[in-house]
Amino acid sequence: MEMNASYTSLVAVGDSFTEGMSDLLPDGSYRGWADVLAGRLAARTPGFRYANLAVRGKLIGQIVDEQVDVAAAMRPDVITLVGGLNDALRPKCDMGMVRGRLDEAVERLAPSCRQLVLMRSPGRNGPVMERFRPRMEELFSLVDELAARHGALVVDLYGAPALGDPRLWDVDRLHLTADGHHRVAEAVWQKLGLPQERDWRTPLPAAVPPRWAVRRAEDLRFARRHLMPWIGRRLTGRSSGDGRTGAQYSAELGRAFWVTPEDARDPGPVTTWRRVDAPPLP
């Protein structure tokens with residue numbers, strides 16, 4: 001990988017992890033690692049363009065069918081693809097199907113960009129992680145295999161113990177906090193050959209574990225607010241992403257669009273983006 005490289009455009013493909021949950025902003029939108037990374041890349045490159053196509057709750061087949069061709073048609077410098085974990089975390093999962101669809105996605109995306117970035121996703125330490133660890137590791141072995149075959153980069157978040165710390169995960173126990181997302185952005189930043197700004201692997205300071213009664217109260221709140229609704233969606237065939245599109249995808253027009261920094265003269269971190277219209281997809 002070229003060190004201190006320059007990139008002019010980024011398209012992010014995936015599910016809630018890439019959409020940015022649960023890095024919640026005051027206006028109710030999500031920021032997340034992809035937005036943070038795009039802002040940092042834009043500060044280095046005038047005219048930088050970005051599009052986040054990721055949608056919460058999407059399975060790998062939906063990601064391939066709804067996002068991959070759109071991303072490929074944009075022909076950016078960098079495409080990030082993270083998917084398949086929603087499939088692997090379901091009680092019943094056809095890992096052969098996951099393998100085939102992820103293979104299909106990489107086959108389409110790798111030739112359409114200067115650099116494809118894949119990930120071995122992080123997992124919150126706990127009983128859920130242990131239950132699904134074999135499937136996750138099967139998925140990540142495939143990620144490594146596809147990256148080697150197609151010249152993609154792999155950001156190994158799974159191998160970083162610090163990202164398993166429950167304090168870096170939101171109360172829903174499925175999504176990272178703002179600090180967690182910033183660590184992911186730094187990990188991708190470094191993998192792209194850019195100079196380190198922080199050590200994203202640094203563990204959080206030691207802390208006294210909460211008492212048993214506090215943990216049980218947290219478990220009950222988690223079950224009521226997050227676990228039961230999640231089970232309800234599984235039983236009824238619904239998804240948290242139903243009716244949603246990526247932040248830079250117009251369902252009305254049937255195409256994606258770019259955003260670029262509102263103030264191109266400001267060399268600092270990008271906080272405001274403006275839309276750049278693109279021609280209709282073929």
# chains A, B, ... in the order shown; residues from 1 in each chain; ligands from 1
$ residues_around --residues "A:Asp35" --least-positions-apart "3" --cutoff "8 Å" --atoms "only C-alpha atoms" --output "JSON, numbers by chain"
{"A": [20, 31, 32, 38, 39, 52]}
$ residues_around --residues "stretch 114-126 of chain A" --least-positions-apart "6" --cutoff "8 Å" --atoms "only C-alpha atoms" --output "PDB file with all heavy atoms, in the first residue's frame"
ATOM      1  N   PRO A  76     -15.428   5.027  -7.744  1.00  0.00           N
ATOM      2  CA  PRO A  76     -14.641   5.871  -6.836  1.00  0.00           C
ATOM      3  C   PRO A  76     -13.213   5.360  -6.683  1.00  0.00           C
ATOM      4  O   PRO A  76     -12.876   4.252  -7.120  1.00  0.00           O
ATOM      5  CB  PRO A  76     -15.396   5.726  -5.521  1.00  0.00           C
ATOM      6  CG  PRO A  76     -15.905   4.313  -5.576  1.00  0.00           C
ATOM      7  CD  PRO A  76     -16.278   4.074  -7.020  1.00  0.00           C
ATOM      8  N   ASP A  77     -12.399   6.164  -6.023  1.00  0.00           N
ATOM      9  CA  ASP A  77     -11.053   5.693  -5.668  1.00  0.00           C
ATOM     10  C   ASP A  77     -11.139   4.528  -4.683  1.00  0.00           C
ATOM     11  O   ASP A  77     -10.416   3.536  -4.818  1.00  0.00           O
ATOM     12  CB  ASP A  77     -10.250   6.830  -5.028  1.00  0.00           C
ATOM     13  CG  ASP A  77      -9.541   7.689  -6.057  1.00  0.00           C
ATOM     14  OD1 ASP A  77      -9.654   7.400  -7.260  1.00  0.00           O
ATOM     15  OD2 ASP A  77      -8.882   8.674  -5.655  1.00  0.00           O
ATOM     16  N   VAL A  78     -11.989   4.668  -3.656  1.00  0.00           N
ATOM     17  CA  VAL A  78     -12.073   3.670  -2.587  1.00  0.00           C
ATOM     18  C   VAL A  78     -13.526   3.229  -2.406  1.00  0.00           C
ATOM     19  O   VAL A  78     -14.433   4.070  -2.388  1.00  0.00           O
ATOM     20  CB  VAL A  78     -11.557   4.234  -1.243  1.00  0.00           C
ATOM     21  CG1 VAL A  78     -11.694   3.190  -0.127  1.00  0.00           C
ATOM     22  CG2 VAL A  78     -10.106   4.685  -1.367  1.00  0.00           C
ATOM     23  N   ILE A  79     -13.727   1.922  -2.287  1.00  0.00           N
ATOM     24  CA  ILE A  79     -15.016   1.367  -1.879  1.00  0.00           C
ATOM     25  C   ILE A  79     -14.770   0.532  -0.631  1.00  0.00           C
ATOM     26  O   ILE A  79     -13.838  -0.279  -0.584  1.00  0.00           O
ATOM     27  CB  ILE A  79     -15.654   0.471  -2.956  1.00  0.00           C
ATOM     28  CG1 ILE A  79     -16.005   1.294  -4.203  1.00  0.00           C
ATOM     29  CG2 ILE A  79     -16.909  -0.223  -2.417  1.00  0.00           C
ATOM     30  CD1 ILE A  79     -16.583   0.460  -5.337  1.00  0.00           C
ATOM     31  N   THR A  80     -15.581   0.731   0.402  1.00  0.00           N
ATOM     32  CA  THR A  80     -15.546  -0.137   1.574  1.00  0.00           C
ATOM     33  C   THR A  80     -16.773  -1.043   1.530  1.00  0.00           C
ATOM     34  O   THR A  80     -17.882  -0.585   1.241  1.00  0.00           O
ATOM     35  CB  THR A  80     -15.544   0.666   2.888  1.00  0.00           C
ATOM     36  OG1 THR A  80     -16.756   1.415   3.003  1.00  0.00           O
ATOM     37  CG2 THR A  80     -14.349   1.613   2.927  1.00  0.00           C
ATOM     38  N   LEU A  81     -16.573  -2.309   1.809  1.00  0.00           N
ATOM     39  CA  LEU A  81     -17.655  -3.298   1.818  1.00  0.00           C
ATOM     40  C   LEU A  81     -17.596  -4.075   3.119  1.00  0.00           C
ATOM     41  O   LEU A  81     -16.601  -4.736   3.409  1.00  0.00           O
ATOM     42  CB  LEU A  81     -17.510  -4.257   0.635  1.00  0.00           C
ATOM     43  CG  LEU A  81     -18.381  -5.524   0.675  1.00  0.00           C
ATOM     44  CD1 LEU A  81     -19.864  -5.174   0.633  1.00  0.00           C
ATOM     45  CD2 LEU A  81     -18.005  -6.467  -0.468  1.00  0.00           C
ATOM     46  N   VAL A  82     -18.669  -3.987   3.904  1.00  0.00           N
ATOM     47  CA  VAL A  82     -18.793  -4.773   5.124  1.00  0.00           C
ATOM     48  C   VAL A  82     -20.193  -5.376   5.120  1.00  0.00           C
ATOM     49  O   VAL A  82     -21.186  -4.650   5.128  1.00  0.00           O
ATOM     50  CB  VAL A  82     -18.599  -3.929   6.397  1.00  0.00           C
ATOM     51  CG1 VAL A  82     -18.538  -4.845   7.624  1.00  0.00           C
ATOM     52  CG2 VAL A  82     -17.334  -3.079   6.305  1.00  0.00           C
ATOM     53  N   LEU A  85     -22.529 -10.150   8.337  1.00  0.00           N
ATOM     54  CA  LEU A  85     -22.615 -10.430   9.774  1.00  0.00           C
ATOM     55  C   LEU A  85     -24.071 -10.529  10.227  1.00  0.00           C
ATOM     56  O   LEU A  85     -24.388 -11.326  11.115  1.00  0.00           O
ATOM     57  CB  LEU A  85     -21.868  -9.367  10.570  1.00  0.00           C
ATOM     58  CG  LEU A  85     -21.472  -9.762  11.998  1.00  0.00           C
ATOM     59  CD1 LEU A  85     -20.624 -11.022  12.008  1.00  0.00           C
ATOM     60  CD2 LEU A  85     -20.726  -8.619  12.683  1.00  0.00           C
ATOM     61  N   PHE A 140     -15.002 -14.440   8.274  1.00  0.00           N
ATOM     62  CA  PHE A 140     -13.774 -13.663   8.176  1.00  0.00           C
ATOM     63  C   PHE A 140     -12.682 -14.413   7.408  1.00  0.00           C
ATOM     64  O   PHE A 140     -11.842 -13.788   6.756  1.00  0.00           O
ATOM     65  CB  PHE A 140     -13.288 -13.276   9.569  1.00  0.00           C
ATOM     66  CG  PHE A 140     -14.277 -12.415  10.325  1.00  0.00           C
ATOM     67  CD1 PHE A 140     -14.286 -12.402  11.714  1.00  0.00           C
ATOM     68  CD2 PHE A 140     -15.197 -11.630   9.652  1.00  0.00           C
ATOM     69  CE1 PHE A 140     -15.192 -11.613  12.405  1.00  0.00           C
ATOM     70  CE2 PHE A 140     -16.106 -10.848  10.340  1.00  0.00           C
ATOM     71  CZ  PHE A 140     -16.107 -10.838  11.715  1.00  0.00           C
ATOM     72  N   VAL A 143     -13.427 -13.534   3.951  1.00  0.00           N
ATOM     73  CA  VAL A 143     -12.976 -12.167   3.680  1.00  0.00           C
ATOM     74  C   VAL A 143     -11.490 -12.161   3.348  1.00  0.00           C
ATOM     75  O   VAL A 143     -11.051 -11.530   2.371  1.00  0.00           O
ATOM     76  CB  VAL A 143     -13.281 -11.257   4.886  1.00  0.00           C
ATOM     77  CG1 VAL A 143     -12.538  -9.923   4.769  1.00  0.00           C
ATOM     78  CG2 VAL A 143     -14.781 -11.009   4.994  1.00  0.00           C
ATOM     79  N   ALA A 147      -9.934 -11.146  -0.302  1.00  0.00           N
ATOM     80  CA  ALA A 147      -8.990 -10.032  -0.374  1.00  0.00           C
ATOM     81  C   ALA A 147      -7.705 -10.445  -1.068  1.00  0.00           C
ATOM     82  O   ALA A 147      -7.182  -9.711  -1.920  1.00  0.00           O
ATOM     83  CB  ALA A 147      -8.692  -9.516   1.030  1.00  0.00           C
ATOM     84  N   GLY A 151      -6.868  -8.488  -4.472  1.00  0.00           N
ATOM     85  CA  GLY A 151      -6.029  -7.344  -4.141  1.00  0.00           C
ATOM     86  C   GLY A 151      -6.709  -6.325  -3.247  1.00  0.00           C
ATOM     87  O   GLY A 151      -6.364  -5.139  -3.270  1.00  0.00           O
ATOM     88  N   ALA A 152      -7.663  -6.761  -2.441  1.00  0.00           N
ATOM     89  CA  ALA A 152      -8.351  -5.858  -1.513  1.00  0.00           C
ATOM     90  C   ALA A 152      -7.578  -5.763  -0.200  1.00  0.00           C
ATOM     91  O   ALA A 152      -6.804  -6.660   0.150  1.00  0.00           O
ATOM     92  CB  ALA A 152      -9.770  -6.343  -1.246  1.00  0.00           C
ATOM     93  N   LEU A 153      -7.801  -4.692   0.524  1.00  0.00           N
ATOM     94  CA  LEU A 153      -7.247  -4.541   1.863  1.00  0.00           C
ATOM     95  C   LEU A 153      -8.221  -5.113   2.881  1.00  0.00           C
ATOM     96  O   LEU A 153      -9.438  -5.071   2.681  1.00  0.00           O
ATOM     97  CB  LEU A 153      -7.004  -3.071   2.173  1.00  0.00           C
ATOM     98  CG  LEU A 153      -6.039  -2.308   1.265  1.00  0.00           C
ATOM     99  CD1 LEU A 153      -6.006  -0.835   1.666  1.00  0.00           C
ATOM    100  CD2 LEU A 153      -4.645  -2.913   1.325  1.00  0.00           C
ATOM    101  N   VAL A 154      -7.692  -5.649   3.976  1.00  0.00           N
ATOM    102  CA  VAL A 154      -8.522  -6.144   5.071  1.00  0.00           C
ATOM    103  C   VAL A 154      -8.169  -5.384   6.340  1.00  0.00           C
ATOM    104  O   VAL A 154      -7.009  -5.375   6.763  1.00  0.00           O
ATOM    105  CB  VAL A 154      -8.338  -7.648   5.304  1.00  0.00           C
ATOM    106  CG1 VAL A 154      -9.176  -8.106   6.505  1.00  0.00           C
ATOM    107  CG2 VAL A 154      -8.735  -8.441   4.073  1.00  0.00           C
ATOM    108  N   VAL A 155      -9.166  -4.748   6.946  1.00  0.00           N
ATOM    109  CA  VAL A 155      -8.994  -4.083   8.232  1.00  0.00           C
ATOM    110  C   VAL A 155      -9.448  -5.067   9.302  1.00  0.00           C
ATOM    111  O   VAL A 155     -10.624  -5.423   9.375  1.00  0.00           O
ATOM    112  CB  VAL A 155      -9.818  -2.788   8.299  1.00  0.00           C
ATOM    113  CG1 VAL A 155      -9.611  -2.096   9.644  1.00  0.00           C
ATOM    114  CG2 VAL A 155      -9.455  -1.856   7.154  1.00  0.00           C
ATOM    115  N   ASP A 156      -8.513  -5.518  10.128  1.00  0.00           N
ATOM    116  CA  ASP A 156      -8.816  -6.563  11.105  1.00  0.00           C
ATOM    117  C   ASP A 156      -9.251  -5.950  12.425  1.00  0.00           C
ATOM    118  O   ASP A 156      -8.451  -5.747  13.338  1.00  0.00           O
ATOM    119  CB  ASP A 156      -7.601  -7.465  11.308  1.00  0.00           C
ATOM    120  CG  ASP A 156      -7.917  -8.647  12.226  1.00  0.00           C
ATOM    121  OD1 ASP A 156      -9.117  -8.871  12.515  1.00  0.00           O
ATOM    122  OD2 ASP A 156      -6.971  -9.326  12.652  1.00  0.00           O
ATOM    123  N   LEU A 157     -10.536  -5.672  12.539  1.00  0.00           N
ATOM    124  CA  LEU A 157     -11.099  -5.153  13.784  1.00  0.00           C
ATOM    125  C   LEU A 157     -11.378  -6.281  14.768  1.00  0.00           C
ATOM    126  O   LEU A 157     -11.327  -6.087  15.985  1.00  0.00           O
ATOM    127  CB  LEU A 157     -12.390  -4.391  13.493  1.00  0.00           C
ATOM    128  CG  LEU A 157     -12.280  -3.289  12.431  1.00  0.00           C
ATOM    129  CD1 LEU A 157     -13.666  -2.740  12.104  1.00  0.00           C
ATOM    130  CD2 LEU A 157     -11.350  -2.179  12.890  1.00  0.00           C
ATOM    131  N   TYR A 158     -11.676  -7.455  14.251  1.00  0.00           N
ATOM    132  CA  TYR A 158     -11.977  -8.619  15.076  1.00  0.00           C
ATOM    133  C   TYR A 158     -10.769  -9.002  15.927  1.00  0.00           C
ATOM    134  O   TYR A 158     -10.908  -9.456  17.065  1.00  0.00           O
ATOM    135  CB  TYR A 158     -12.387  -9.776  14.174  1.00  0.00           C
ATOM    136  CG  TYR A 158     -12.699 -11.073  14.876  1.00  0.00           C
ATOM    137  CD1 TYR A 158     -13.875 -11.232  15.603  1.00  0.00           C
ATOM    138  CD2 TYR A 158     -11.829 -12.165  14.772  1.00  0.00           C
ATOM    139  CE1 TYR A 158     -14.170 -12.436  16.226  1.00  0.00           C
ATOM    140  CE2 TYR A 158     -12.127 -13.368  15.393  1.00  0.00           C
ATOM    141  CZ  TYR A 158     -13.295 -13.500  16.112  1.00  0.00           C
ATOM    142  OH  TYR A 158     -13.584 -14.693  16.729  1.00  0.00           O
ATOM    143  N   GLY A 159      -9.575  -8.791  15.387  1.00  0.00           N
ATOM    144  CA  GLY A 159      -8.354  -9.162  16.094  1.00  0.00           C
ATOM    145  C   GLY A 159      -7.864  -8.117  17.078  1.00  0.00           C
ATOM    146  O   GLY A 159      -6.766  -8.262  17.627  1.00  0.00           O
ATOM    147  N   ALA A 160      -8.651  -7.072  17.319  1.00  0.00           N
ATOM    148  CA  ALA A 160      -8.254  -6.013  18.246  1.00  0.00           C
ATOM    149  C   ALA A 160      -9.044  -6.157  19.546  1.00  0.00           C
ATOM    150  O   ALA A 160     -10.232  -5.818  19.589  1.00  0.00           O
ATOM    151  CB  ALA A 160      -8.511  -4.642  17.628  1.00  0.00           C
ATOM    152  N   LEU A 163     -11.596  -3.407  20.920  1.00  0.00           N
ATOM    153  CA  LEU A 163     -12.920  -3.195  20.340  1.00  0.00           C
ATOM    154  C   LEU A 163     -13.952  -4.199  20.855  1.00  0.00           C
ATOM    155  O   LEU A 163     -15.136  -4.080  20.533  1.00  0.00           O
ATOM    156  CB  LEU A 163     -12.846  -3.250  18.814  1.00  0.00           C
ATOM    157  CG  LEU A 163     -12.230  -2.020  18.150  1.00  0.00           C
ATOM    158  CD1 LEU A 163     -12.141  -2.215  16.640  1.00  0.00           C
ATOM    159  CD2 LEU A 163     -13.027  -0.769  18.477  1.00  0.00           C
ATOM    160  N   GLY A 164     -13.528  -5.172  21.642  1.00  0.00           N
ATOM    161  CA  GLY A 164     -14.473  -6.061  22.296  1.00  0.00           C
ATOM    162  C   GLY A 164     -14.960  -5.538  23.630  1.00  0.00           C
ATOM    163  O   GLY A 164     -15.890  -6.107  24.215  1.00  0.00           O
ATOM    164  N   ASP A 165     -14.370  -4.457  24.101  1.00  0.00           N
ATOM    165  CA  ASP A 165     -14.739  -3.874  25.404  1.00  0.00           C
ATOM    166  C   ASP A 165     -16.193  -3.399  25.360  1.00  0.00           C
ATOM    167  O   ASP A 165     -16.546  -2.565  24.517  1.00  0.00           O
ATOM    168  CB  ASP A 165     -13.804  -2.699  25.711  1.00  0.00           C
ATOM    169  CG  ASP A 165     -13.935  -2.204  27.147  1.00  0.00           C
ATOM    170  OD1 ASP A 165     -15.079  -2.100  27.645  1.00  0.00           O
ATOM    171  OD2 ASP A 165     -12.891  -1.906  27.758  1.00  0.00           O
ATOM    172  N   PRO A 166     -17.054  -3.884  26.244  1.00  0.00           N
ATOM    173  CA  PRO A 166     -18.467  -3.463  26.227  1.00  0.00           C
ATOM    174  C   PRO A 166     -18.661  -1.961  26.330  1.00  0.00           C
ATOM    175  O   PRO A 166     -19.698  -1.440  25.908  1.00  0.00           O
ATOM    176  CB  PRO A 166     -19.051  -4.187  27.450  1.00  0.00           C
ATOM    177  CG  PRO A 166     -18.188  -5.391  27.629  1.00  0.00           C
ATOM    178  CD  PRO A 166     -16.803  -4.930  27.247  1.00  0.00           C
ATOM    179  N   TRP A 169     -19.459  -0.134  23.160  1.00  0.00           N
ATOM    180  CA  TRP A 169     -20.687  -0.547  22.480  1.00  0.00           C
ATOM    181  C   TRP A 169     -21.880   0.156  23.098  1.00  0.00           C
ATOM    182  O   TRP A 169     -21.937   0.374  24.307  1.00  0.00           O
ATOM    183  CB  TRP A 169     -20.851  -2.067  22.569  1.00  0.00           C
ATOM    184  CG  TRP A 169     -19.786  -2.772  21.786  1.00  0.00           C
ATOM    185  CD1 TRP A 169     -18.481  -2.964  22.163  1.00  0.00           C
ATOM    186  CD2 TRP A 169     -19.897  -3.330  20.479  1.00  0.00           C
ATOM    187  NE1 TRP A 169     -17.784  -3.617  21.178  1.00  0.00           N
ATOM    188  CE2 TRP A 169     -18.629  -3.854  20.126  1.00  0.00           C
ATOM    189  CE3 TRP A 169     -20.960  -3.455  19.577  1.00  0.00           C
ATOM    190  CZ2 TRP A 169     -18.398  -4.482  18.909  1.00  0.00           C
ATOM    191  CZ3 TRP A 169     -20.735  -4.083  18.371  1.00  0.00           C
ATOM    192  CH2 TRP A 169     -19.456  -4.586  18.035  1.00  0.00           C
ATOM    193  N   ARG A 173     -26.111  -3.156  22.423  1.00  0.00           N
ATOM    194  CA  ARG A 173     -25.118  -4.225  22.397  1.00  0.00           C
ATOM    195  C   ARG A 173     -24.828  -4.735  20.991  1.00  0.00           C
ATOM    196  O   ARG A 173     -24.200  -5.788  20.819  1.00  0.00           O
ATOM    197  CB  ARG A 173     -25.538  -5.389  23.311  1.00  0.00           C
ATOM    198  CG  ARG A 173     -25.816  -4.932  24.742  1.00  0.00           C
ATOM    199  CD  ARG A 173     -26.146  -6.064  25.677  1.00  0.00           C
ATOM    200  NE  ARG A 173     -26.459  -5.553  27.018  1.00  0.00           N
ATOM    201  CZ  ARG A 173     -26.752  -6.302  28.065  1.00  0.00           C
ATOM    202  NH1 ARG A 173     -26.779  -7.626  27.936  1.00  0.00           N
ATOM    203  NH2 ARG A 173     -27.016  -5.759  29.232  1.00  0.00           N
ATOM    204  N   LEU A 174     -25.266  -4.002  19.985  1.00  0.00           N
ATOM    205  CA  LEU A 174     -25.045  -4.382  18.595  1.00  0.00           C
ATOM    206  C   LEU A 174     -24.199  -3.369  17.836  1.00  0.00           C
ATOM    207  O   LEU A 174     -23.610  -3.712  16.809  1.00  0.00           O
ATOM    208  CB  LEU A 174     -26.390  -4.539  17.859  1.00  0.00           C
ATOM    209  CG  LEU A 174     -27.233  -5.761  18.196  1.00  0.00           C
ATOM    210  CD1 LEU A 174     -28.576  -5.652  17.488  1.00  0.00           C
ATOM    211  CD2 LEU A 174     -26.515  -7.045  17.797  1.00  0.00           C
TER     212      LEU A 174
END
$ atom_distance --atom1 "atom CA of A:Ala42" --atom2 "atom CA of A:Glu197"
15.8 Å
$ select_by_dssp --residues "stretch 62-97 of chain A" --states "strand (DSSP E)" --output "list in words"
Val78, Ile79, Thr80, Leu81 and Val82 of chain A
$ atom_distance --atom1 "atom CA of A:Gly180" --atom2 "atom CA of A:Phe132"
21.0 Å
$ closest_residue --among "A:Pro127, A:Pro269, A:Pro195, A:Gly83" --to "A:Gly14" --atoms "only C-alpha atoms"
A:Gly83
$ atom_distance --atom1 "atom CA of A:Ile60" --atom2 "atom CA of A:Glu104"
10.2 Å
$ select_by_dssp --residues "stretch 42-171 of chain A" --states "helix (DSSP H, G or I)" --output "JSON, numbers by chain"
{"A": [42, 43, 44, 60, 61, 62, 63, 64, 65, 66, 67, 68, 69, 70, 71, 72, 73, 74, 85, 86, 87, 88, 95, 96, 97, 98, 99, 100, 101, 102, 103, 104, 105, 106, 107, 108, 109, 110, 111, 112, 127, 128, 129, 130, 131, 132, 133, 134, 135, 136, 137, 138, 139, 140, 141, 142, 143, 144, 145, 146, 147, 148, 149, 150, 161, 162, 163, 164, 166, 167, 168]}
$ write_last_selection --atoms "C-alpha atoms" --output "PDB file, in the first residue's frame"
ATOM      1  CA  ALA A  42     -11.782  15.424   2.324  1.00  0.00           C
ATOM      2  CA  ALA A  43      -9.595  17.678   4.481  1.00  0.00           C
ATOM      3  CA  ARG A  44      -6.590  16.394   2.509  1.00  0.00           C
ATOM      4  CA  ILE A  60     -25.701  -9.820   2.330  1.00  0.00           C
ATOM      5  CA  GLY A  61     -28.109 -10.667  -0.495  1.00  0.00           C
ATOM      6  CA  GLN A  62     -29.839  -7.301  -0.108  1.00  0.00           C
ATOM      7  CA  ILE A  63     -26.506  -5.482  -0.013  1.00  0.00           C
ATOM      8  CA  VAL A  64     -25.465  -7.157  -3.256  1.00  0.00           C
ATOM      9  CA  ASP A  65     -28.810  -6.596  -4.985  1.00  0.00           C
ATOM     10  CA  GLU A  66     -29.381  -3.013  -3.838  1.00  0.00           C
ATOM     11  CA  GLN A  67     -25.965  -1.393  -3.327  1.00  0.00           C
ATOM     12  CA  VAL A  68     -23.174  -3.149  -5.177  1.00  0.00           C
ATOM     13  CA  ASP A  69     -23.995  -2.206  -8.779  1.00  0.00           C
ATOM     14  CA  VAL A  70     -24.775   1.359  -7.678  1.00  0.00           C
ATOM     15  CA  ALA A  71     -21.375   1.645  -5.992  1.00  0.00           C
ATOM     16  CA  ALA A  72     -19.541   0.071  -8.914  1.00  0.00           C
ATOM     17  CA  ALA A  73     -21.143   2.506 -11.364  1.00  0.00           C
ATOM     18  CA  MET A  74     -19.781   5.464  -9.368  1.00  0.00           C
ATOM     19  CA  LEU A  85     -22.615 -10.430   9.774  1.00  0.00           C
ATOM     20  CA  ASN A  86     -26.380  -9.875   9.985  1.00  0.00           C
ATOM     21  CA  ASP A  87     -26.772 -13.231   8.259  1.00  0.00           C
ATOM     22  CA  ALA A  88     -24.256 -14.963  10.526  1.00  0.00           C
ATOM     23  CA  MET A  95     -23.222 -19.878   5.129  1.00  0.00           C
ATOM     24  CA  GLY A  96     -22.867 -21.317   1.637  1.00  0.00           C
ATOM     25  CA  MET A  97     -25.243 -18.641   0.378  1.00  0.00           C
ATOM     26  CA  VAL A  98     -23.357 -15.960   2.312  1.00  0.00           C
ATOM     27  CA  ARG A  99     -20.108 -17.132   0.760  1.00  0.00           C
ATOM     28  CA  GLY A 100     -21.567 -17.015  -2.735  1.00  0.00           C
ATOM     29  CA  ARG A 101     -23.118 -13.557  -2.427  1.00  0.00           C
ATOM     30  CA  LEU A 102     -20.038 -12.017  -0.776  1.00  0.00           C
ATOM     31  CA  ASP A 103     -17.885 -13.531  -3.514  1.00  0.00           C
ATOM     32  CA  GLU A 104     -20.244 -11.972  -6.067  1.00  0.00           C
ATOM     33  CA  ALA A 105     -19.978  -8.563  -4.414  1.00  0.00           C
ATOM     34  CA  VAL A 106     -16.179  -8.551  -4.391  1.00  0.00           C
ATOM     35  CA  GLU A 107     -16.062  -9.773  -8.017  1.00  0.00           C
ATOM     36  CA  ARG A 108     -18.123  -6.746  -9.064  1.00  0.00           C
ATOM     37  CA  LEU A 109     -16.561  -4.104  -6.839  1.00  0.00           C
ATOM     38  CA  ALA A 110     -12.830  -4.824  -7.061  1.00  0.00           C
ATOM     39  CA  PRO A 111     -12.458  -3.865 -10.759  1.00  0.00           C
ATOM     40  CA  SER A 112     -14.557  -0.709 -10.353  1.00  0.00           C
ATOM     41  CA  PRO A 127     -22.185 -14.856  25.517  1.00  0.00           C
ATOM     42  CA  VAL A 128     -23.635 -13.809  22.145  1.00  0.00           C
ATOM     43  CA  MET A 129     -20.142 -13.419  20.752  1.00  0.00           C
ATOM     44  CA  GLU A 130     -19.171 -16.886  21.963  1.00  0.00           C
ATOM     45  CA  ARG A 131     -22.285 -18.490  20.516  1.00  0.00           C
ATOM     46  CA  PHE A 132     -21.743 -17.100  17.028  1.00  0.00           C
ATOM     47  CA  ARG A 133     -17.935 -17.025  16.993  1.00  0.00           C
ATOM     48  CA  PRO A 134     -17.566 -20.084  14.673  1.00  0.00           C
ATOM     49  CA  ARG A 135     -19.787 -18.493  12.016  1.00  0.00           C
ATOM     50  CA  MET A 136     -18.041 -15.150  12.355  1.00  0.00           C
ATOM     51  CA  GLU A 137     -14.639 -16.751  11.924  1.00  0.00           C
ATOM     52  CA  GLU A 138     -15.889 -18.680   8.893  1.00  0.00           C
ATOM     53  CA  LEU A 139     -17.069 -15.382   7.407  1.00  0.00           C
ATOM     54  CA  PHE A 140     -13.774 -13.663   8.176  1.00  0.00           C
ATOM     55  CA  SER A 141     -11.767 -16.505   6.647  1.00  0.00           C
ATOM     56  CA  LEU A 142     -13.713 -15.900   3.447  1.00  0.00           C
ATOM     57  CA  VAL A 143     -12.976 -12.167   3.680  1.00  0.00           C
ATOM     58  CA  ASP A 144      -9.245 -12.926   3.886  1.00  0.00           C
ATOM     59  CA  GLU A 145      -9.499 -15.335   0.956  1.00  0.00           C
ATOM     60  CA  LEU A 146     -11.366 -12.860  -1.249  1.00  0.00           C
ATOM     61  CA  ALA A 147      -8.990 -10.032  -0.374  1.00  0.00           C
ATOM     62  CA  ALA A 148      -5.964 -12.106  -1.353  1.00  0.00           C
ATOM     63  CA  ARG A 149      -7.619 -13.088  -4.628  1.00  0.00           C
ATOM     64  CA  HIS A 150      -8.696  -9.590  -5.647  1.00  0.00           C
ATOM     65  CA  PRO A 161      -9.173  -6.863  21.862  1.00  0.00           C
ATOM     66  CA  ALA A 162      -9.916  -3.214  22.704  1.00  0.00           C
ATOM     67  CA  LEU A 163     -12.920  -3.195  20.340  1.00  0.00           C
ATOM     68  CA  GLY A 164     -14.473  -6.061  22.296  1.00  0.00           C
ATOM     69  CA  PRO A 166     -18.467  -3.463  26.227  1.00  0.00           C
ATOM     70  CA  ARG A 167     -17.820   0.208  27.032  1.00  0.00           C
ATOM     71  CA  LEU A 168     -17.243   0.844  23.310  1.00  0.00           C
TER      72      LEU A 168
END
